[in-house]
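First comes the structure, then the notes that go with it.
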Amino acid sequence: MARDFRRAADAVAAQISAGRLRPGDRLPTQRAFARRHGIAESTASRVYAELARRGLVTGEVGRGTFVRAAAPAADPALAEPTAARVDLELNYPVTAGQSELLAAGLARLGRPDVLAAALRPSGAAGTPAARAAVAGLLGGPCWAPDPEAVLFAGNGRQAVAAALAALLRPGGRLGVEALTYPVVKAVAARLGITLVPLECDGDGLLPGALLAAHRAAPLGGVYLQPTLHNPLGVTMPGPRRAQLAATLSEAGLTAVEDAIWSFLREDAPPPLAAYAPERVILVDSTSKRLAPGLTVGFAVAPPGLRPAVSAALRSGGWASAGYALAAATGWLTDGTATTIAAAKRADARHRQQIAAEALAGLATRSGPGSYFCWWELPAPWRADTFVAAAARHGIAVTPAASFVVGPHRTPAAVRMGLASPPPPVLRRALATLADLARTGPDDVAPE
């Protein structure tokens, strides 16, 4: 019986996914649904409850059950802890000895004079020491950002939001990779920005697709992740970055370059900002490098955009807190950040090896040393049914729909974050998912 109600729920979910049932459509009463499908009313009630649990429908007392106006937002699932026993949605790496290293850096803030300075208000420009530390962190042989170009936010998401708010007004159009970071979808919705999906290939965003979209209807900017794209793990090679930089110049567009995961690829080409310094706002933070609980975001903005980004940080209340800024500055300058980043690169490679072994023979892809894995599921699995089945095993994964922009077909795929569980737990969870994938949805045993 449990299998019957889930099959019926899957059938309704498929109609919603295909657009045959549209947002706002009213479903038949449970009694009418039961008669139509030849099932008991109690089974129909379980079908509707299952659809509500998946976030596909909403019930209104006295009015009925309706298809939700939008699919449940993906960013809460990626931003808040889940109740699942094994969380492969959140992706915050923590390595052995990290807390001890960070604690040593915090000890200096215990001095009354240092603490007094750290507790003062901190503006978007931060402090000279902080700007110099970030410029040193991001700089390399081919690019050395001007410390005066560095602005600070409470975290990377706020830095992204400020960059987008500086570039686009409500109603503006932002080009993004066809699969993009879910938080950007949420930020764009709150800012009233329309996302325009752009075609990519194995090297990342196609410059021609960006130019064609801009000529069809002007874009206000573009957001992308050239290094370790989330969720696919693609790292854009140098020649493609040079082509994209030329396209930005030709079109007169500015890009927001999200470099949040770039510290994991020491062998990556220089950032896009190195190829087009006047056309790129580079955004990064310490949340992945260090820890999310005491983080700082930063944006390196071209001179012409610096006042607008700074104003967006102030008006949004997104500027970094002084204590977090002082702590991060210390960690960046005393070698702590470098030590922890090296440990995380080794940890990410180890976890990728675990994933490669556990998911051998399955259609997965990821970048070398990344903390996530994209999995194109075997037929007849769909992402929603696989996510639900994984949840019944106590494992949380993220469906492809969380990353899809626009009305394009959603692939039967999931993204798995590899950073959070201890390695033995990760290995067992991935082995469970591999066994589940090899079992057809109709053969999944009910709870």
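In the structure tokens, the first chain shown is A, the next is B, and so on; residue numbers restart at 1 for each chain, and ligands run from 1 in the order shown.
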DSSP helix (DSSP H, G or I) residues within range 311-371 of chain A, listed as a count of residues only: 40
Spatial neighbours of Ala419 in chain A, max dist 8 Å, only C-alpha atoms, sep filter under 4 positions, as a list in words: Leu88, Leu90, Asn91, Tyr92, Pro93, Val94, Ala348, Arg351, Tyr371 and Phe372 of chain A
Residues from the last selection, all heavy atoms, saved as a PDB file, in the first residue's frame:
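This went into selection_3.pdb:
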```
ATOM      1  N   LEU A  88      24.503  15.666   2.913  1.00  0.00           N
ATOM      2  CA  LEU A  88      25.312  15.891   1.723  1.00  0.00           C
ATOM      3  C   LEU A  88      24.811  17.105   0.949  1.00  0.00           C
ATOM      4  O   LEU A  88      25.051  17.242  -0.244  1.00  0.00           O
ATOM      5  CB  LEU A  88      25.306  14.646   0.827  1.00  0.00           C
ATOM      6  CG  LEU A  88      25.824  13.353   1.465  1.00  0.00           C
ATOM      7  CD1 LEU A  88      25.860  12.227   0.436  1.00  0.00           C
ATOM      8  CD2 LEU A  88      27.189  13.549   2.087  1.00  0.00           C
ATOM      9  N   LEU A  90      24.739  20.567   2.842  1.00  0.00           N
ATOM     10  CA  LEU A  90      25.685  21.541   3.365  1.00  0.00           C
ATOM     11  C   LEU A  90      27.102  21.142   2.990  1.00  0.00           C
ATOM     12  O   LEU A  90      27.422  19.959   2.920  1.00  0.00           O
ATOM     13  CB  LEU A  90      25.561  21.619   4.889  1.00  0.00           C
ATOM     14  CG  LEU A  90      24.451  22.506   5.451  1.00  0.00           C
ATOM     15  CD1 LEU A  90      24.439  22.384   6.962  1.00  0.00           C
ATOM     16  CD2 LEU A  90      24.638  23.956   5.055  1.00  0.00           C
ATOM     17  N   ASN A  91      27.957  22.122   2.796  1.00  0.00           N
ATOM     18  CA  ASN A  91      29.307  21.826   2.315  1.00  0.00           C
ATOM     19  C   ASN A  91      30.311  22.748   3.003  1.00  0.00           C
ATOM     20  O   ASN A  91      30.916  23.612   2.377  1.00  0.00           O
ATOM     21  CB  ASN A  91      29.372  22.010   0.795  1.00  0.00           C
ATOM     22  CG  ASN A  91      30.211  20.931   0.134  1.00  0.00           C
ATOM     23  OD1 ASN A  91      30.688  19.997   0.769  1.00  0.00           O
ATOM     24  ND2 ASN A  91      30.406  21.051  -1.161  1.00  0.00           N
ATOM     25  N   TYR A  92      30.484  22.562   4.301  1.00  0.00           N
ATOM     26  CA  TYR A  92      31.434  23.360   5.053  1.00  0.00           C
ATOM     27  C   TYR A  92      32.560  22.464   5.563  1.00  0.00           C
ATOM     28  O   TYR A  92      32.383  21.716   6.515  1.00  0.00           O
ATOM     29  CB  TYR A  92      30.751  24.070   6.230  1.00  0.00           C
ATOM     30  CG  TYR A  92      29.861  25.198   5.797  1.00  0.00           C
ATOM     31  CD1 TYR A  92      28.495  25.164   5.999  1.00  0.00           C
ATOM     32  CD2 TYR A  92      30.407  26.322   5.165  1.00  0.00           C
ATOM     33  CE1 TYR A  92      27.676  26.207   5.590  1.00  0.00           C
ATOM     34  CE2 TYR A  92      29.605  27.363   4.753  1.00  0.00           C
ATOM     35  CZ  TYR A  92      28.239  27.307   4.966  1.00  0.00           C
ATOM     36  OH  TYR A  92      27.437  28.341   4.555  1.00  0.00           O
ATOM     37  N   PRO A  93      33.721  22.509   4.916  1.00  0.00           N
ATOM     38  CA  PRO A  93      34.817  21.623   5.304  1.00  0.00           C
ATOM     39  C   PRO A  93      35.467  22.044   6.621  1.00  0.00           C
ATOM     40  O   PRO A  93      35.699  23.228   6.867  1.00  0.00           O
ATOM     41  CB  PRO A  93      35.802  21.761   4.140  1.00  0.00           C
ATOM     42  CG  PRO A  93      35.502  23.105   3.545  1.00  0.00           C
ATOM     43  CD  PRO A  93      34.036  23.335   3.744  1.00  0.00           C
ATOM     44  N   VAL A  94      35.739  21.063   7.449  1.00  0.00           N
ATOM     45  CA  VAL A  94      36.467  21.265   8.701  1.00  0.00           C
ATOM     46  C   VAL A  94      37.537  20.187   8.775  1.00  0.00           C
ATOM     47  O   VAL A  94      37.241  19.000   8.618  1.00  0.00           O
ATOM     48  CB  VAL A  94      35.541  21.165   9.924  1.00  0.00           C
ATOM     49  CG1 VAL A  94      36.348  21.288  11.216  1.00  0.00           C
ATOM     50  CG2 VAL A  94      34.462  22.243   9.874  1.00  0.00           C
ATOM     51  N   ALA A 348      39.993  17.435   0.529  1.00  0.00           N
ATOM     52  CA  ALA A 348      39.097  17.357  -0.629  1.00  0.00           C
ATOM     53  C   ALA A 348      39.543  16.259  -1.588  1.00  0.00           C
ATOM     54  O   ALA A 348      38.707  15.520  -2.135  1.00  0.00           O
ATOM     55  CB  ALA A 348      39.048  18.704  -1.351  1.00  0.00           C
ATOM     56  N   ARG A 351      38.473  12.936  -0.145  1.00  0.00           N
ATOM     57  CA  ARG A 351      37.033  12.710  -0.269  1.00  0.00           C
ATOM     58  C   ARG A 351      36.634  12.429  -1.713  1.00  0.00           C
ATOM     59  O   ARG A 351      35.709  11.644  -1.971  1.00  0.00           O
ATOM     60  CB  ARG A 351      36.266  13.905   0.306  1.00  0.00           C
ATOM     61  CG  ARG A 351      36.391  13.993   1.821  1.00  0.00           C
ATOM     62  CD  ARG A 351      35.902  15.313   2.381  1.00  0.00           C
ATOM     63  NE  ARG A 351      36.109  15.378   3.823  1.00  0.00           N
ATOM     64  CZ  ARG A 351      35.207  15.007   4.734  1.00  0.00           C
ATOM     65  NH1 ARG A 351      34.022  14.557   4.346  1.00  0.00           N
ATOM     66  NH2 ARG A 351      35.481  15.094   6.013  1.00  0.00           N
ATOM     67  N   TYR A 371      34.890  19.804  -3.489  1.00  0.00           N
ATOM     68  CA  TYR A 371      34.121  19.236  -2.388  1.00  0.00           C
ATOM     69  C   TYR A 371      32.696  18.887  -2.794  1.00  0.00           C
ATOM     70  O   TYR A 371      31.839  18.735  -1.918  1.00  0.00           O
ATOM     71  CB  TYR A 371      34.077  20.219  -1.222  1.00  0.00           C
ATOM     72  CG  TYR A 371      35.203  20.075  -0.228  1.00  0.00           C
ATOM     73  CD1 TYR A 371      36.077  21.139   0.028  1.00  0.00           C
ATOM     74  CD2 TYR A 371      35.396  18.895   0.485  1.00  0.00           C
ATOM     75  CE1 TYR A 371      37.100  21.024   0.958  1.00  0.00           C
ATOM     76  CE2 TYR A 371      36.416  18.769   1.413  1.00  0.00           C
ATOM     77  CZ  TYR A 371      37.259  19.833   1.651  1.00  0.00           C
ATOM     78  OH  TYR A 371      38.273  19.707   2.572  1.00  0.00           O
ATOM     79  N   PHE A 372      32.431  18.769  -4.084  1.00  0.00           N
ATOM     80  CA  PHE A 372      31.090  18.353  -4.486  1.00  0.00           C
ATOM     81  C   PHE A 372      31.174  17.454  -5.700  1.00  0.00           C
ATOM     82  O   PHE A 372      32.199  17.381  -6.391  1.00  0.00           O
ATOM     83  CB  PHE A 372      30.162  19.546  -4.750  1.00  0.00           C
ATOM     84  CG  PHE A 372      30.814  20.714  -5.430  1.00  0.00           C
ATOM     85  CD1 PHE A 372      30.950  20.752  -6.800  1.00  0.00           C
ATOM     86  CD2 PHE A 372      31.290  21.777  -4.693  1.00  0.00           C
ATOM     87  CE1 PHE A 372      31.544  21.823  -7.431  1.00  0.00           C
ATOM     88  CE2 PHE A 372      31.896  22.870  -5.314  1.00  0.00           C
ATOM     89  CZ  PHE A 372      32.019  22.886  -6.689  1.00  0.00           C
TER      90      PHE A 372
END
```
Residue nearest Leu313 in chain A among A:Leu206, A:Val404, A:Ala124, A:Ala107 (counting only C-alpha atoms):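 The shortest atom-to-atom distance to Leu313 in chain A comes from A:Ala124.
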Shell around Gly208 in chain A at 12 Å using only C-alpha atoms, local window under 5 positions removed, as a list in words: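 With the cut-off at 12 Å, the set is Leu198, Glu199, Cys200, Asp201, Ala213, His214, Arg215, Arg240, Gln243, Leu244, Ala245, Ala246, Thr247, Leu248, Glu250 and Ala251 of chain A.
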Export of prior selection with all heavy atoms as a short mmCIF file (atom, residue, chain, number, x, y, z; two decimals), in the first residue's frame:
```cif
data_model
loop_
_atom_site.label_atom_id
_atom_site.label_comp_id
_atom_site.auth_asym_id
_atom_site.auth_seq_id
_atom_site.Cartn_x
_atom_site.Cartn_y
_atom_site.Cartn_z
N LEU A 198 22.70 30.99 -19.56
CA LEU A 198 23.64 31.04 -20.67
C LEU A 198 24.25 29.67 -20.88
O LEU A 198 24.60 28.97 -19.92
CB LEU A 198 24.74 32.06 -20.39
CG LEU A 198 24.27 33.50 -20.10
CD1 LEU A 198 25.46 34.37 -19.69
CD2 LEU A 198 23.56 34.10 -21.31
N GLU A 199 24.42 29.30 -22.13
CA GLU A 199 24.92 27.97 -22.47
C GLU A 199 26.39 27.82 -22.07
O GLU A 199 27.18 28.75 -22.18
CB GLU A 199 24.77 27.72 -23.97
CG GLU A 199 25.14 26.31 -24.41
CD GLU A 199 25.00 26.11 -25.90
OE1 GLU A 199 24.53 27.06 -26.59
OE2 GLU A 199 25.38 25.03 -26.38
N CYS A 200 26.72 26.63 -21.61
CA CYS A 200 28.09 26.29 -21.22
C CYS A 200 28.52 25.01 -21.93
O CYS A 200 27.69 24.27 -22.45
CB CYS A 200 28.20 26.09 -19.71
SG CYS A 200 27.69 27.52 -18.72
N ASP A 201 29.83 24.78 -21.95
CA ASP A 201 30.34 23.49 -22.42
C ASP A 201 31.33 22.97 -21.39
O ASP A 201 31.35 23.43 -20.24
CB ASP A 201 30.96 23.62 -23.81
CG ASP A 201 32.19 24.51 -23.85
OD1 ASP A 201 32.67 24.93 -22.76
OD2 ASP A 201 32.69 24.80 -24.95
N ALA A 213 22.97 36.59 -26.02
CA ALA A 213 21.91 36.96 -25.08
C ALA A 213 21.87 38.46 -24.87
O ALA A 213 20.79 39.06 -24.79
CB ALA A 213 22.15 36.25 -23.75
N HIS A 214 23.03 39.09 -24.81
CA HIS A 214 23.08 40.54 -24.61
C HIS A 214 22.53 41.28 -25.82
O HIS A 214 21.84 42.31 -25.68
CB HIS A 214 24.52 40.95 -24.34
CG HIS A 214 24.70 42.41 -24.05
ND1 HIS A 214 24.04 43.07 -23.03
CD2 HIS A 214 25.49 43.35 -24.66
CE1 HIS A 214 24.40 44.33 -23.03
NE2 HIS A 214 25.27 44.53 -24.01
N ARG A 215 22.79 40.77 -27.01
CA ARG A 215 22.27 41.43 -28.22
C ARG A 215 20.77 41.23 -28.37
O ARG A 215 20.07 42.09 -28.89
CB ARG A 215 23.01 40.89 -29.44
CG ARG A 215 24.45 41.40 -29.56
CD ARG A 215 25.22 40.70 -30.66
NE ARG A 215 26.55 41.31 -30.86
CZ ARG A 215 27.51 40.77 -31.58
NH1 ARG A 215 27.30 39.60 -32.21
NH2 ARG A 215 28.67 41.38 -31.70
N ARG A 240 39.89 30.32 -22.51
CA ARG A 240 38.46 30.68 -22.44
C ARG A 240 38.28 31.94 -21.60
O ARG A 240 37.43 32.78 -21.91
CB ARG A 240 37.67 29.50 -21.86
CG ARG A 240 36.18 29.78 -21.62
CD ARG A 240 35.38 30.07 -22.90
NE ARG A 240 35.44 28.95 -23.81
CZ ARG A 240 34.62 27.89 -23.75
NH1 ARG A 240 33.69 27.82 -22.83
NH2 ARG A 240 34.73 26.92 -24.65
N GLN A 243 39.07 34.83 -23.80
CA GLN A 243 37.97 35.07 -24.74
C GLN A 243 36.80 35.77 -24.05
O GLN A 243 36.19 36.69 -24.59
CB GLN A 243 37.51 33.75 -25.35
CG GLN A 243 38.53 33.07 -26.25
CD GLN A 243 38.12 31.65 -26.58
OE1 GLN A 243 37.02 31.21 -26.26
NE2 GLN A 243 39.02 30.91 -27.23
N LEU A 244 36.50 35.30 -22.85
CA LEU A 244 35.38 35.89 -22.11
C LEU A 244 35.68 37.33 -21.73
O LEU A 244 34.81 38.21 -21.80
CB LEU A 244 35.09 35.05 -20.87
CG LEU A 244 33.87 35.45 -20.04
CD1 LEU A 244 32.60 35.45 -20.89
CD2 LEU A 244 33.71 34.52 -18.85
N ALA A 245 36.93 37.60 -21.36
CA ALA A 245 37.32 38.97 -21.03
C ALA A 245 37.14 39.89 -22.24
O ALA A 245 36.64 41.02 -22.11
CB ALA A 245 38.76 39.00 -20.55
N ALA A 246 37.51 39.40 -23.42
CA ALA A 246 37.33 40.19 -24.63
C ALA A 246 35.86 40.43 -24.91
O ALA A 246 35.46 41.52 -25.36
CB ALA A 246 38.00 39.48 -25.81
N THR A 247 35.03 39.43 -24.65
CA THR A 247 33.58 39.58 -24.86
C THR A 247 32.99 40.60 -23.91
O THR A 247 32.13 41.41 -24.30
CB THR A 247 32.89 38.22 -24.69
OG1 THR A 247 33.42 37.29 -25.63
CG2 THR A 247 31.39 38.34 -24.89
N LEU A 248 33.42 40.59 -22.65
CA LEU A 248 32.94 41.57 -21.69
C LEU A 248 33.27 42.98 -22.17
O LEU A 248 32.44 43.89 -22.10
CB LEU A 248 33.56 41.32 -20.32
CG LEU A 248 33.14 40.05 -19.59
CD1 LEU A 248 33.98 39.87 -18.32
CD2 LEU A 248 31.66 40.09 -19.22
N GLU A 250 33.86 43.92 -25.32
CA GLU A 250 33.08 44.22 -26.52
C GLU A 250 31.66 44.61 -26.18
O GLU A 250 31.09 45.54 -26.78
CB GLU A 250 33.09 43.00 -27.44
CG GLU A 250 32.28 43.18 -28.72
CD GLU A 250 32.25 41.93 -29.58
OE1 GLU A 250 32.99 40.97 -29.27
OE2 GLU A 250 31.48 41.91 -30.57
N ALA A 251 31.07 43.90 -25.22
CA ALA A 251 29.67 44.15 -24.87
C ALA A 251 29.50 45.26 -23.85
O ALA A 251 28.38 45.71 -23.59
CB ALA A 251 29.05 42.87 -24.33
#
```
Quick one: pick out all strand (DSSP E or B) residues within range 98-216 of chain A from a backbone DSSP run and write them as a short mmCIF file (atom, residue, chain, number, x, y, z; two decimals) with all heavy atoms, in the first residue's frame.
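To be explicit, this is the file written out as states-v3.cif:
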```cif
data_model
loop_
_atom_site.label_atom_id
_atom_site.label_comp_id
_atom_site.auth_asym_id
_atom_site.auth_seq_id
_atom_site.Cartn_x
_atom_site.Cartn_y
_atom_site.Cartn_z
N GLY A 140 48.67 37.00 -7.05
CA GLY A 140 49.53 35.95 -7.57
C GLY A 140 50.50 36.52 -8.57
O GLY A 140 50.57 37.75 -8.78
N TRP A 143 48.51 38.61 -11.20
CA TRP A 143 47.51 39.61 -10.80
C TRP A 143 47.74 40.01 -9.35
O TRP A 143 47.89 39.13 -8.47
CB TRP A 143 46.11 39.05 -10.96
CG TRP A 143 45.01 40.02 -10.65
CD1 TRP A 143 44.78 41.22 -11.28
CD2 TRP A 143 43.99 39.90 -9.65
NE1 TRP A 143 43.68 41.84 -10.74
CE2 TRP A 143 43.17 41.04 -9.74
CE3 TRP A 143 43.68 38.93 -8.70
CZ2 TRP A 143 42.07 41.24 -8.91
CZ3 TRP A 143 42.59 39.12 -7.88
CH2 TRP A 143 41.79 40.27 -7.98
N VAL A 150 39.61 46.70 -2.24
CA VAL A 150 38.96 45.65 -1.45
C VAL A 150 37.90 46.25 -0.54
O VAL A 150 38.16 47.21 0.21
CB VAL A 150 40.00 44.89 -0.60
CG1 VAL A 150 39.31 43.79 0.22
CG2 VAL A 150 41.08 44.28 -1.50
N LEU A 151 36.69 45.67 -0.61
CA LEU A 151 35.59 46.05 0.26
C LEU A 151 35.13 44.81 1.03
O LEU A 151 35.32 43.68 0.58
CB LEU A 151 34.42 46.62 -0.55
CG LEU A 151 34.74 47.89 -1.36
CD1 LEU A 151 33.60 48.21 -2.32
CD2 LEU A 151 34.99 49.06 -0.42
N PHE A 152 34.49 45.01 2.20
CA PHE A 152 34.20 43.90 3.10
C PHE A 152 32.71 43.77 3.38
O PHE A 152 31.98 44.75 3.53
CB PHE A 152 34.96 44.07 4.40
CG PHE A 152 36.44 43.97 4.23
CD1 PHE A 152 37.20 45.11 4.00
CD2 PHE A 152 37.08 42.75 4.26
CE1 PHE A 152 38.57 45.03 3.82
CE2 PHE A 152 38.45 42.65 4.08
CZ PHE A 152 39.19 43.79 3.86
N ALA A 153 32.27 42.51 3.45
CA ALA A 153 30.89 42.17 3.79
C ALA A 153 30.91 41.16 4.93
O ALA A 153 31.95 40.62 5.30
CB ALA A 153 30.17 41.58 2.57
N ARG A 173 18.42 42.43 -16.11
CA ARG A 173 18.67 41.06 -16.55
C ARG A 173 20.13 40.69 -16.27
O ARG A 173 21.04 41.41 -16.67
CB ARG A 173 18.39 40.91 -18.05
CG ARG A 173 16.92 40.97 -18.41
CD ARG A 173 16.67 41.29 -19.88
NE ARG A 173 17.56 40.59 -20.79
CZ ARG A 173 17.34 39.37 -21.31
NH1 ARG A 173 16.24 38.72 -20.96
NH2 ARG A 173 18.21 38.83 -22.14
N LEU A 174 20.30 39.56 -15.59
CA LEU A 174 21.63 39.08 -15.23
C LEU A 174 21.90 37.75 -15.91
O LEU A 174 21.15 36.79 -15.73
CB LEU A 174 21.73 38.91 -13.70
CG LEU A 174 23.05 38.33 -13.18
CD1 LEU A 174 24.17 39.37 -13.30
CD2 LEU A 174 22.90 37.89 -11.72
N GLY A 175 22.95 37.69 -16.70
CA GLY A 175 23.34 36.43 -17.31
C GLY A 175 24.01 35.52 -16.29
O GLY A 175 24.86 35.99 -15.50
N VAL A 176 23.65 34.26 -16.27
CA VAL A 176 24.26 33.28 -15.37
C VAL A 176 24.45 31.97 -16.12
O VAL A 176 23.79 31.71 -17.13
CB VAL A 176 23.39 33.02 -14.11
CG1 VAL A 176 23.27 34.26 -13.26
CG2 VAL A 176 22.00 32.50 -14.51
N GLU A 177 25.35 31.13 -15.64
CA GLU A 177 25.49 29.79 -16.20
C GLU A 177 24.16 29.06 -16.05
O GLU A 177 23.42 29.28 -15.08
CB GLU A 177 26.60 29.05 -15.47
CG GLU A 177 27.98 29.64 -15.76
CD GLU A 177 28.85 29.79 -14.53
OE1 GLU A 177 28.29 30.06 -13.44
OE2 GLU A 177 30.09 29.66 -14.66
N LEU A 179 23.33 26.22 -15.12
CA LEU A 179 23.25 25.68 -13.77
C LEU A 179 24.06 26.62 -12.88
O LEU A 179 25.25 26.83 -13.12
CB LEU A 179 23.85 24.27 -13.70
CG LEU A 179 23.11 23.17 -14.48
CD1 LEU A 179 23.93 21.88 -14.47
CD2 LEU A 179 21.73 22.92 -13.88
N THR A 194 16.07 39.58 -13.06
CA THR A 194 15.72 38.42 -13.89
C THR A 194 16.99 37.70 -14.31
O THR A 194 17.91 38.31 -14.86
CB THR A 194 14.94 38.86 -15.13
OG1 THR A 194 13.72 39.49 -14.73
CG2 THR A 194 14.61 37.67 -16.03
N LEU A 195 17.03 36.40 -14.06
CA LEU A 195 18.19 35.60 -14.45
C LEU A 195 18.01 35.07 -15.87
O LEU A 195 16.93 34.59 -16.23
CB LEU A 195 18.39 34.44 -13.49
CG LEU A 195 18.70 34.81 -12.04
CD1 LEU A 195 18.97 33.56 -11.22
CD2 LEU A 195 19.87 35.78 -11.95
N VAL A 196 19.07 35.17 -16.65
CA VAL A 196 19.07 34.70 -18.04
C VAL A 196 20.08 33.55 -18.14
O VAL A 196 21.28 33.78 -17.99
CB VAL A 196 19.44 35.83 -19.01
CG1 VAL A 196 19.45 35.32 -20.45
CG2 VAL A 196 18.48 37.00 -18.85
N PRO A 197 19.62 32.32 -18.37
CA PRO A 197 20.56 31.20 -18.44
C PRO A 197 21.41 31.26 -19.70
O PRO A 197 20.90 31.54 -20.80
CB PRO A 197 19.65 29.97 -18.44
CG PRO A 197 18.34 30.46 -18.99
CD PRO A 197 18.21 31.89 -18.55
N LEU A 198 22.70 30.99 -19.56
CA LEU A 198 23.64 31.04 -20.67
C LEU A 198 24.25 29.67 -20.88
O LEU A 198 24.60 28.97 -19.92
CB LEU A 198 24.74 32.06 -20.39
CG LEU A 198 24.27 33.50 -20.10
CD1 LEU A 198 25.46 34.37 -19.69
CD2 LEU A 198 23.56 34.10 -21.31
N CYS A 200 26.72 26.63 -21.61
CA CYS A 200 28.09 26.29 -21.22
C CYS A 200 28.52 25.01 -21.93
O CYS A 200 27.69 24.27 -22.45
CB CYS A 200 28.20 26.09 -19.71
SG CYS A 200 27.69 27.52 -18.72
N ASP A 201 29.83 24.78 -21.95
CA ASP A 201 30.34 23.49 -22.42
C ASP A 201 31.33 22.97 -21.39
O ASP A 201 31.35 23.43 -20.24
CB ASP A 201 30.96 23.62 -23.81
CG ASP A 201 32.19 24.51 -23.85
OD1 ASP A 201 32.67 24.93 -22.76
OD2 ASP A 201 32.69 24.80 -24.95
N GLY A 204 33.24 25.63 -19.54
CA GLY A 204 32.54 26.69 -18.83
C GLY A 204 31.67 27.54 -19.74
O GLY A 204 31.27 27.11 -20.83
N LEU A 205 31.40 28.75 -19.30
CA LEU A 205 30.51 29.66 -20.02
C LEU A 205 31.03 29.95 -21.43
O LEU A 205 32.22 30.24 -21.62
CB LEU A 205 30.37 30.96 -19.24
CG LEU A 205 29.48 32.06 -19.84
CD1 LEU A 205 28.04 31.59 -19.91
CD2 LEU A 205 29.58 33.33 -19.01
#
```
10 Å contact set for Gly192 in chain A, only C-alpha atoms, chain neighbours under 6 positions out, as a ChimeraX atom specification: /A:165,168-173,186
Selection: 9 Å around range 5-19 of chain A, only C-alpha atoms, excl. self and same-chain fewer than 2 positions, as a PyMOL selection string: chain A and resi 1-3+21-23+37+39+43-48+50-51+56+67+384-385+409-410+442
Close residues, Ser285 in chain A itself excluded, 7 Å, only C-alpha atoms, min 5 positions apart in chain, as a ChimeraX atom specification: /A:155-156,260,296-298
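Take CA of Val425 in chain A and CA of His350 in chain A: the distance between them is 13.5 Å.
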Which residue of A:Thr398, A:Thr295, A:Thr286, A:Gln352 approaches Pro231 in chain A most closely, using only C-alpha atoms: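 For Pro231 in chain A, the nearest of the candidates is A:Thr398.
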Pairwise distance for CA of Tyr323 in chain A and CA of Ala118 in chain A, rounded to one decimal in Å: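 Here the two named atoms are 4.7 Å from each other.
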Contact residues around Ala276 in chain A with only C-alpha atoms at 12 Å, ignoring same-chain residues under 3 positions, as a list in words: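 Within the cut-off, the hits are Trp143, Pro145, Arg241, Ala242, Gln243, Leu244, Ala245, Ala246, Thr247, Leu248, Ser249, Glu250, Gly252, Leu253, Thr254, Ala255, Val256, Glu257, Pro270, Pro271, Leu272, Ala273, Arg279, Val280, Ile281, Leu282, Ala301 and Pro302 of chain A.
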Selected residue, from A:Ala327, A:Val183, A:Ile340, A:Val309, that lies nearest to Gly293 in chain A when counting only C-alpha atoms: A:Ala327
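We find CA of Asp25 in chain A and CA of Phe66 in chain A to be spaced 5.5 Å apart.
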